[in-house]
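Heads up, the thing below is written out as structure tokens.
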Amino acid sequence: MSTSTNAIEALANQEYKYGFVTEVDADTIPRGLNEDVIRMISAKKKEPEFMLEWRLRAYRHWAKLETAEAEPTWANLTYPPIDYQDIVYYSAPKPKKKLNSLDEVDPAVLQTFEKLGIPLEEQKVLTGVAVDAVFDSVSVATTFKEKLAELGIIFCSFSEAVQNHPDLVQKYLGSVVPYTDNFFAALNSAVFSDGSFCYVPKGVRCPMELSTYFRINAADTGQFERTLIIADEAAYVSYLEGCTAPMRDSNQLHAAVVELVAHDNATIKYATIQNWYPGDKEGKGGIYNFVTKRGKCLGKNSHISWTQVETGSAITWKYPGCILQGDNSVGEFYSVALTNNYQQADTGTKMIHIGKNTKSTIVSKGISAGHGQNTYRGMVKILKGARGARNYTQCDSLLIGDKCGAHTFPYIEVRNATAQMEHEASTSKIGEDQIFYCNQRGISKEDAVSLIVSGFCKQVFRELPMEFAVEAQKLLSVSLEGSVG
Amino acid sequence: MLEIKNLRVKVGNHEILKGVNLTVKAGEIHSIMGPNGSGKSTLAQVLAGREAYAVTGGEVIYQGRNLLEMAPEERACEGVFLAFQYPVEIPGVGNTYFLKAALNAIRKHRGLEELDAMDFLTLAKEKMKLLEMDDRLLTRSVNEGFSGGEKKRNEIFQMAVLEPRLSILDETDSGLDIDALRIVANGVNALRSSERAILVVTHYQRLLNYIIPDYVHVLVDGRIVKSGGKELALELEARGYAWVEAEAQAATAATA
């Protein structure tokens, strides 16, 4: 109606002007998927027999689903059919073209780094500038690994884990997300390229956020990522995946699987910041992100906490959940999902209460701008034996402009009468009166929107490791930049 | 400081201000009084730059500049402050954080160095004492869960921190009990100076017992129909608005 609405629309129409295109070449295999391709992948990675067998079983299951046209369609997402035979399923990660200095990097990209507050040396790593001896990522990684090894913590790539710790991989792989879980999990299990593996032994508290190291290396993660984290009895680990820096990838389809296992009294905190290419203003291009993430609170008093800040991708299909098997175990899900332009997100969580006195907390904050469509889909299931189970769910949606949408699909299933369930939901619009109030105090429209949005997300940001909370806040501002006035 | 000439304002097809004239000099306090629906709040909102109102005629000169051409945030940075009749809630944004952002935006505009958190807190605490505000209001979200009186006090607290040149108080007295009224008035009076001007929009005379105006104007049906000194407010309190309206009608009839 008024200029303010127009201004908000302008904000929503801002372009993704950063990101890098990685040239893909060389060590790839032909397009398409069949058993030979699976064998080839396994052979290239020199995997033990059990891995190949597992991949093949997954592939056969997936192929069955594919012929039955069983790709899930229940999500509130629209995208053209994916031709699974037109995808290259293996491509060894290539070193990026090395640049000599940051002067060779697109100034727009550097500006974004600046706004996000990413340290200079890290900027170099992320853009592929050759780094000096002081901050050689390999040496950082090495010191890091030595420190962890002293404590008996295993933290390595999935491929390394398959080679060096096959017993652990065999024991836990697929124990939380079996390949039969869903279409995309089956596909991932068949073809996954690499990912991370972490094992924290009994009684060990991982002394650092497993983040800095990972962030540096995150720039080259593959299309079908697989991550497995195990916290043994009374162990603690906090892990951060992804990074605030914009990521552009020539692979349109991403289908990752993350499995977490927490034994008695163990705690795993898993945080994600996802800022992949969302497509252009018309919604062309952009990454399709179909992820299965699940944690199993296997032991009593175990605790798994998911925190996610999702601002990228054209399509997001993602429900990090917890299986609360151990008595008194706790599952948490804190989420901020932002959709702008033609981005679509169908995201939420699954909390399955099996053990006694299990507790779960869900806080979901969806922000829609432009033509963005944001869906919260969450399931809370209290099984028969889950005496005294409790769940608290809060899902809030914030709308910016009048062309976007917010949707909520909560599924609640209670089979034990002692359960206590709480569900709160709200939908609000950034009001013109809120913006005017800020303006009247001297704060610009753009800053007002980012202030209001970060206020809206506060409950989630405070669950993030400190430095990332600050970055995440900046990331939201950058993602909404230019949208007003 | 402020000169309003023949200001006409519409909302939709409805003309609310029908030619308002008003001159406010630095150091002065003016009170705008009038019955419900006379256009008092519209005047306050238009001066602050609310976009929902369409200015169809006249001009407003503020410190030698055309105020109507300035964006709301620019007006604020140039020293125009509106104490809202209905202060807006901003969930999740800390009151201090918000005010610090505002103060620093204004300081930046004026080429001053931004205040860091420590300096800001010292300033904020000092001003809070003036308004006898509870410390807890600093850490809570902007106006969220505040009582009506706390919201109004918070407005004047913001005003005390931002030190505007032209303050417009839009029915700041509504919803205040007598003690709060006195405290709020103290806050406003502390800002009185020869460089500042204050425009007090109100229904009732009682606020003017504490904030003593130099001039009182009566707004009726979109026009200022009577102006006078502080005694005019007392007369209005005693006699109501009807006689001023009648006088105004007679005057219009006479000139017609």
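Following the order of the structure tokens, first chain is A, next is B, and so on, with residues numbered from 1 inside each chain and ligands from 1 in the order they appear.
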Item to check | Contact residues (chain A, partner chain B, 7 Å, only C-alpha atoms) as a VMD selection string | outcome: chain A and resid 2 to 3 433 to 434 437 439 to 444 452 455 to 456 458
Using C-alpha atoms, can you write the selected residues to a file as an mmCIF file, in the first residue's frame?
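Output file out_25.cif is given in full below:
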```cif
data_model
loop_
_atom_site.group_PDB
_atom_site.id
_atom_site.type_symbol
_atom_site.label_atom_id
_atom_site.label_comp_id
_atom_site.auth_asym_id
_atom_site.auth_seq_id
_atom_site.Cartn_x
_atom_site.Cartn_y
_atom_site.Cartn_z
ATOM 1 C CA SER A 2 2.519 2.618 0.932
ATOM 2 C CA THR A 3 6.141 3.264 0.122
ATOM 3 C CA ASP A 433 4.917 0.679 12.507
ATOM 4 C CA GLN A 434 7.972 -1.231 13.758
ATOM 5 C CA TYR A 437 9.514 3.441 15.051
ATOM 6 C CA ASN A 439 13.319 5.196 11.561
ATOM 7 C CA GLN A 440 12.030 7.783 13.965
ATOM 8 C CA ARG A 441 14.922 6.960 16.254
ATOM 9 C CA GLY A 442 17.422 7.481 13.437
ATOM 10 C CA ILE A 443 17.826 3.855 12.351
ATOM 11 C CA SER A 444 17.678 3.268 8.575
ATOM 12 C CA ILE A 452 13.866 -6.835 13.911
ATOM 13 C CA GLY A 455 15.463 -10.024 17.532
ATOM 14 C CA PHE A 456 13.102 -12.609 16.103
ATOM 15 C CA LYS A 458 17.511 -14.468 19.231
#
```
Checklist entry - Quick one: DSSP helix (DSSP H, G or I) residues in range 64-162 of chain B, as a ChimeraX atom specification? => result /B:67-69,72-77,95-109,117-130,136-139,148-162
Item to check | In range 169-204 of chain B, DSSP strand (DSSP E) residues written as a list in words | outcome: Leu169, Asp170, Ala197, Ile198, Leu199, Val200, Val201 and Thr202 of chain B
Can I get the selected residues back with C-alpha atoms, as a PDB file, in the first residue's frame?
```pdb
ATOM      1  CA  LEU B 169       5.149  14.492  22.653  1.00  0.00           C
ATOM      2  CA  ASP B 170       2.043  12.768  21.347  1.00  0.00           C
ATOM      3  CA  ALA B 197      11.913  23.289  21.435  1.00  0.00           C
ATOM      4  CA  ILE B 198       9.115  21.017  22.596  1.00  0.00           C
ATOM      5  CA  LEU B 199       5.693  20.453  21.128  1.00  0.00           C
ATOM      6  CA  VAL B 200       3.262  18.874  23.581  1.00  0.00           C
ATOM      7  CA  VAL B 201       0.171  17.305  22.068  1.00  0.00           C
ATOM      8  CA  THR B 202      -2.498  16.562  24.657  1.00  0.00           C
TER       9      THR B 202
END
```
Next on the checklist: Need the shell around range 43-51 of chain A: protein/DNA/RNA residues with any atom at most 8 Å away, counting only C-alpha atoms. Skip same-chain ones fewer than 2 positions apart. Format as a list in words?
Outcome noted: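 Returned residues: Arg39, Met40, Ile41, Glu53, Trp54, Arg55, Ser159, Val162, Gln163 and Gln170 of chain A.
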Next on the checklist: Which residues are near Thr418 in chain A? Cut-off 8 Å, only C-alpha atoms, ignore same chain within fewer than 2 positions. Put them as a PyMOL selection string.
Outcome noted: chain A and resi 387-389+416+420
Checklist entry - Hey, can you check how far CA of Asp179 in chain B sits from CA of Ile212 in chain B? => result 17.0 Å
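From CA of Lys381 in chain A back to CA of Glu225 in chain A, the distance works out to 27.9 Å.
The neighbours of Asn34 in chain A here are the residues that come within 8 Å of it, using only C-alpha atoms and leaving out any residue fewer than 3 positions away in the same chain; they are Val37, Ile38 and Tyr59 of chain A.
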Could you save those same residues with N, CA and C atoms as a PDB file, in the first residue's frame?
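The result, written out as again_11.pdb:
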```
ATOM      1  N   VAL A  37      28.651 -48.328 -11.591  1.00  0.00           N
ATOM      2  CA  VAL A  37      29.089 -47.036 -11.064  1.00  0.00           C
ATOM      3  C   VAL A  37      29.384 -47.159  -9.570  1.00  0.00           C
ATOM      4  N   ILE A  38      28.503 -47.864  -8.861  1.00  0.00           N
ATOM      5  CA  ILE A  38      28.715 -48.056  -7.422  1.00  0.00           C
ATOM      6  C   ILE A  38      30.044 -48.786  -7.190  1.00  0.00           C
ATOM      7  N   TYR A  59      21.890 -49.141  -3.099  1.00  0.00           N
ATOM      8  CA  TYR A  59      21.563 -48.819  -4.488  1.00  0.00           C
ATOM      9  C   TYR A  59      20.334 -49.596  -4.959  1.00  0.00           C
TER      10      TYR A  59
END
```
Checklist entry - In Å, with one decimal, what is the gap from CA of Pro72 in chain A to CA of Leu338 in chain A? => result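 Those two atoms sit 22.8 Å apart.
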Item to check | Near-Val257 in chain A list (7 Å; only C-alpha atoms; drop same-chain fewer than 3 positions) as a VMD selection string | outcome: chain A and resid 185 188 225 to 227 291 to 293
Residue selection dump (N, CA and C atoms) as a compact mmCIF listing (two decimals), in the first residue's frame:
```txt
# COMPACT_ATOMS: atom_id res chain seq x y z
N ALA A 185 18.15 -40.73 1.35
CA ALA A 185 19.12 -41.42 2.21
C ALA A 185 19.65 -42.65 1.49
N ASN A 188 22.10 -41.44 -1.15
CA ASN A 188 23.35 -41.05 -0.49
C ASN A 188 24.15 -42.28 -0.09
N GLU A 225 27.31 -35.96 0.81
CA GLU A 225 28.17 -35.96 1.97
C GLU A 225 27.65 -36.94 3.00
N ARG A 226 28.57 -37.53 3.75
CA ARG A 226 28.14 -38.46 4.79
C ARG A 226 28.92 -38.16 6.06
N THR A 227 28.23 -37.92 7.12
CA THR A 227 28.90 -37.59 8.36
C THR A 227 28.40 -38.51 9.47
N VAL A 291 18.37 -33.33 2.65
CA VAL A 291 19.28 -33.82 3.69
C VAL A 291 18.54 -34.68 4.70
N THR A 292 19.19 -35.75 5.13
CA THR A 292 18.64 -36.53 6.24
C THR A 292 19.61 -36.44 7.40
N LYS A 293 19.17 -35.84 8.48
CA LYS A 293 20.04 -35.70 9.64
C LYS A 293 19.29 -36.25 10.84
```
Report as a PDB file with N, CA and C atoms, in the first residue's frame all protein, DNA and RNA residues lying within 12 Å of Ala386 in chain A, evaluated on only C-alpha atoms, omitting residues in the same chain fewer than 4 positions from it.
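Saved file around-v4.pdb follows:
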```
ATOM      1  N   ILE A 323      16.169 -39.494  18.030  1.00  0.00           N
ATOM      2  CA  ILE A 323      15.496 -40.677  18.554  1.00  0.00           C
ATOM      3  C   ILE A 323      15.880 -40.757  20.019  1.00  0.00           C
ATOM      4  N   LEU A 324      14.921 -40.529  20.889  1.00  0.00           N
ATOM      5  CA  LEU A 324      15.229 -40.464  22.318  1.00  0.00           C
ATOM      6  C   LEU A 324      14.987 -41.835  22.928  1.00  0.00           C
ATOM      7  N   GLN A 325      16.004 -42.677  22.796  1.00  0.00           N
ATOM      8  CA  GLN A 325      15.863 -44.060  23.207  1.00  0.00           C
ATOM      9  C   GLN A 325      16.218 -44.258  24.674  1.00  0.00           C
ATOM     10  N   GLY A 326      17.320 -43.646  25.093  1.00  0.00           N
ATOM     11  CA  GLY A 326      17.750 -43.802  26.483  1.00  0.00           C
ATOM     12  C   GLY A 326      16.820 -43.057  27.430  1.00  0.00           C
ATOM     13  N   ASP A 327      16.619 -43.628  28.629  1.00  0.00           N
ATOM     14  CA  ASP A 327      15.793 -42.940  29.617  1.00  0.00           C
ATOM     15  C   ASP A 327      16.422 -41.584  29.950  1.00  0.00           C
ATOM     16  N   ASN A 328      15.574 -40.601  30.212  1.00  0.00           N
ATOM     17  CA  ASN A 328      16.008 -39.243  30.570  1.00  0.00           C
ATOM     18  C   ASN A 328      16.807 -38.537  29.483  1.00  0.00           C
ATOM     19  N   SER A 329      16.789 -39.043  28.275  1.00  0.00           N
ATOM     20  CA  SER A 329      17.578 -38.367  27.245  1.00  0.00           C
ATOM     21  C   SER A 329      16.841 -37.118  26.761  1.00  0.00           C
ATOM     22  N   ILE A 352      11.411 -38.502  18.358  1.00  0.00           N
ATOM     23  CA  ILE A 352      10.762 -39.775  18.656  1.00  0.00           C
ATOM     24  C   ILE A 352      11.105 -40.158  20.101  1.00  0.00           C
ATOM     25  N   HIS A 353      10.113 -40.118  20.968  1.00  0.00           N
ATOM     26  CA  HIS A 353      10.346 -40.436  22.374  1.00  0.00           C
ATOM     27  C   HIS A 353      10.094 -41.925  22.612  1.00  0.00           C
ATOM     28  N   ILE A 354      11.150 -42.624  23.005  1.00  0.00           N
ATOM     29  CA  ILE A 354      11.019 -44.055  23.287  1.00  0.00           C
ATOM     30  C   ILE A 354      11.244 -44.310  24.778  1.00  0.00           C
ATOM     31  N   GLY A 355      12.298 -43.706  25.317  1.00  0.00           N
ATOM     32  CA  GLY A 355      12.658 -43.942  26.718  1.00  0.00           C
ATOM     33  C   GLY A 355      11.799 -43.143  27.688  1.00  0.00           C
ATOM     34  N   LYS A 356      11.936 -43.506  28.953  1.00  0.00           N
ATOM     35  CA  LYS A 356      11.167 -42.821  30.003  1.00  0.00           C
ATOM     36  C   LYS A 356      11.722 -41.428  30.273  1.00  0.00           C
ATOM     37  N   ASN A 357      10.840 -40.522  30.648  1.00  0.00           N
ATOM     38  CA  ASN A 357      11.231 -39.158  31.023  1.00  0.00           C
ATOM     39  C   ASN A 357      12.117 -38.480  29.983  1.00  0.00           C
ATOM     40  N   THR A 358      11.864 -38.771  28.750  1.00  0.00           N
ATOM     41  CA  THR A 358      12.635 -38.123  27.694  1.00  0.00           C
ATOM     42  C   THR A 358      12.031 -36.751  27.426  1.00  0.00           C
ATOM     43  N   LYS A 359      12.918 -35.830  27.077  1.00  0.00           N
ATOM     44  CA  LYS A 359      12.465 -34.457  26.881  1.00  0.00           C
ATOM     45  C   LYS A 359      12.910 -33.929  25.519  1.00  0.00           C
ATOM     46  N   LYS A 381       6.621 -37.728  18.393  1.00  0.00           N
ATOM     47  CA  LYS A 381       5.972 -39.016  18.581  1.00  0.00           C
ATOM     48  C   LYS A 381       6.323 -39.521  19.972  1.00  0.00           C
ATOM     49  N   ILE A 382       5.309 -39.792  20.767  1.00  0.00           N
ATOM     50  CA  ILE A 382       5.564 -40.333  22.102  1.00  0.00           C
ATOM     51  C   ILE A 382       5.121 -41.797  22.063  1.00  0.00           C
ATOM     52  N   ARG A 390       8.190 -35.367  27.722  1.00  0.00           N
ATOM     53  CA  ARG A 390       7.750 -33.979  27.596  1.00  0.00           C
ATOM     54  C   ARG A 390       8.251 -33.372  26.304  1.00  0.00           C
ATOM     55  N   ASN A 391       7.413 -32.591  25.704  1.00  0.00           N
ATOM     56  CA  ASN A 391       7.853 -31.854  24.515  1.00  0.00           C
ATOM     57  C   ASN A 391       7.370 -30.421  24.604  1.00  0.00           C
ATOM     58  N   VAL A 414       0.711 -39.219  20.300  1.00  0.00           N
ATOM     59  CA  VAL A 414       0.993 -39.539  21.691  1.00  0.00           C
ATOM     60  C   VAL A 414       0.364 -40.874  22.055  1.00  0.00           C
ATOM     61  N   ARG A 415       1.193 -41.805  22.507  1.00  0.00           N
ATOM     62  CA  ARG A 415       0.651 -43.117  22.892  1.00  0.00           C
ATOM     63  C   ARG A 415       0.857 -43.408  24.367  1.00  0.00           C
ATOM     64  N   ASN A 416       1.266 -42.386  25.106  1.00  0.00           N
ATOM     65  CA  ASN A 416       1.385 -42.589  26.549  1.00  0.00           C
ATOM     66  C   ASN A 416       0.735 -41.402  27.235  1.00  0.00           C
ATOM     67  N   ALA A 417      -0.247 -41.723  28.070  1.00  0.00           N
ATOM     68  CA  ALA A 417      -1.084 -40.670  28.645  1.00  0.00           C
ATOM     69  C   ALA A 417      -0.341 -39.767  29.625  1.00  0.00           C
ATOM     70  N   THR A 418       0.854 -40.188  30.069  1.00  0.00           N
ATOM     71  CA  THR A 418       1.573 -39.343  31.033  1.00  0.00           C
ATOM     72  C   THR A 418       2.372 -38.243  30.339  1.00  0.00           C
ATOM     73  N   ALA A 419       2.366 -38.251  29.034  1.00  0.00           N
ATOM     74  CA  ALA A 419       3.174 -37.270  28.293  1.00  0.00           C
ATOM     75  C   ALA A 419       2.630 -35.863  28.469  1.00  0.00           C
ATOM     76  N   GLN A 420       3.547 -34.892  28.453  1.00  0.00           N
ATOM     77  CA  GLN A 420       3.127 -33.487  28.489  1.00  0.00           C
ATOM     78  C   GLN A 420       3.585 -32.802  27.208  1.00  0.00           C
TER      79      GLN A 420
END
```
Next on the checklist: Measuring between only C-alpha atoms, which one of A:Asp232, A:Glu69, A:Asp280, A:Asp83 shows the shortest distance to Ala262 in chain A?
Outcome noted: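 Residue with the minimum atom-to-atom distance to Ala262 in chain A: A:Asp232.
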Item to check | Pick from B:Ile32, B:Leu191, B:Met128, B:Leu181 nearest to Lys230 in chain B, counting only C-alpha atoms | outcome: B:Ile32
Checklist outcome for this item: Shortest contact to Glu132 in chain B, candidates B:Ile178, B:Val184, B:Val24, B:Ala117, atoms counted only C-alpha atoms, goes to B:Val184
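In terms of minimum interatomic distance to Val200 in chain A, A:His263 ranks closest within A:Arg377, A:Lys115, A:His263, A:Lys284, counting only C-alpha atoms.
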Item to check | Residue nearest Leu67 in chain B - candidates B:Glu163, B:Glu3, B:Glu195, B:Asp116, atoms counted: only C-alpha atoms | outcome: B:Glu3
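Distance check against Tyr204 in chain B using only C-alpha atoms: of B:Gly240, B:Gly37, B:Gly57, B:Gly64, the minimum falls on B:Gly240.
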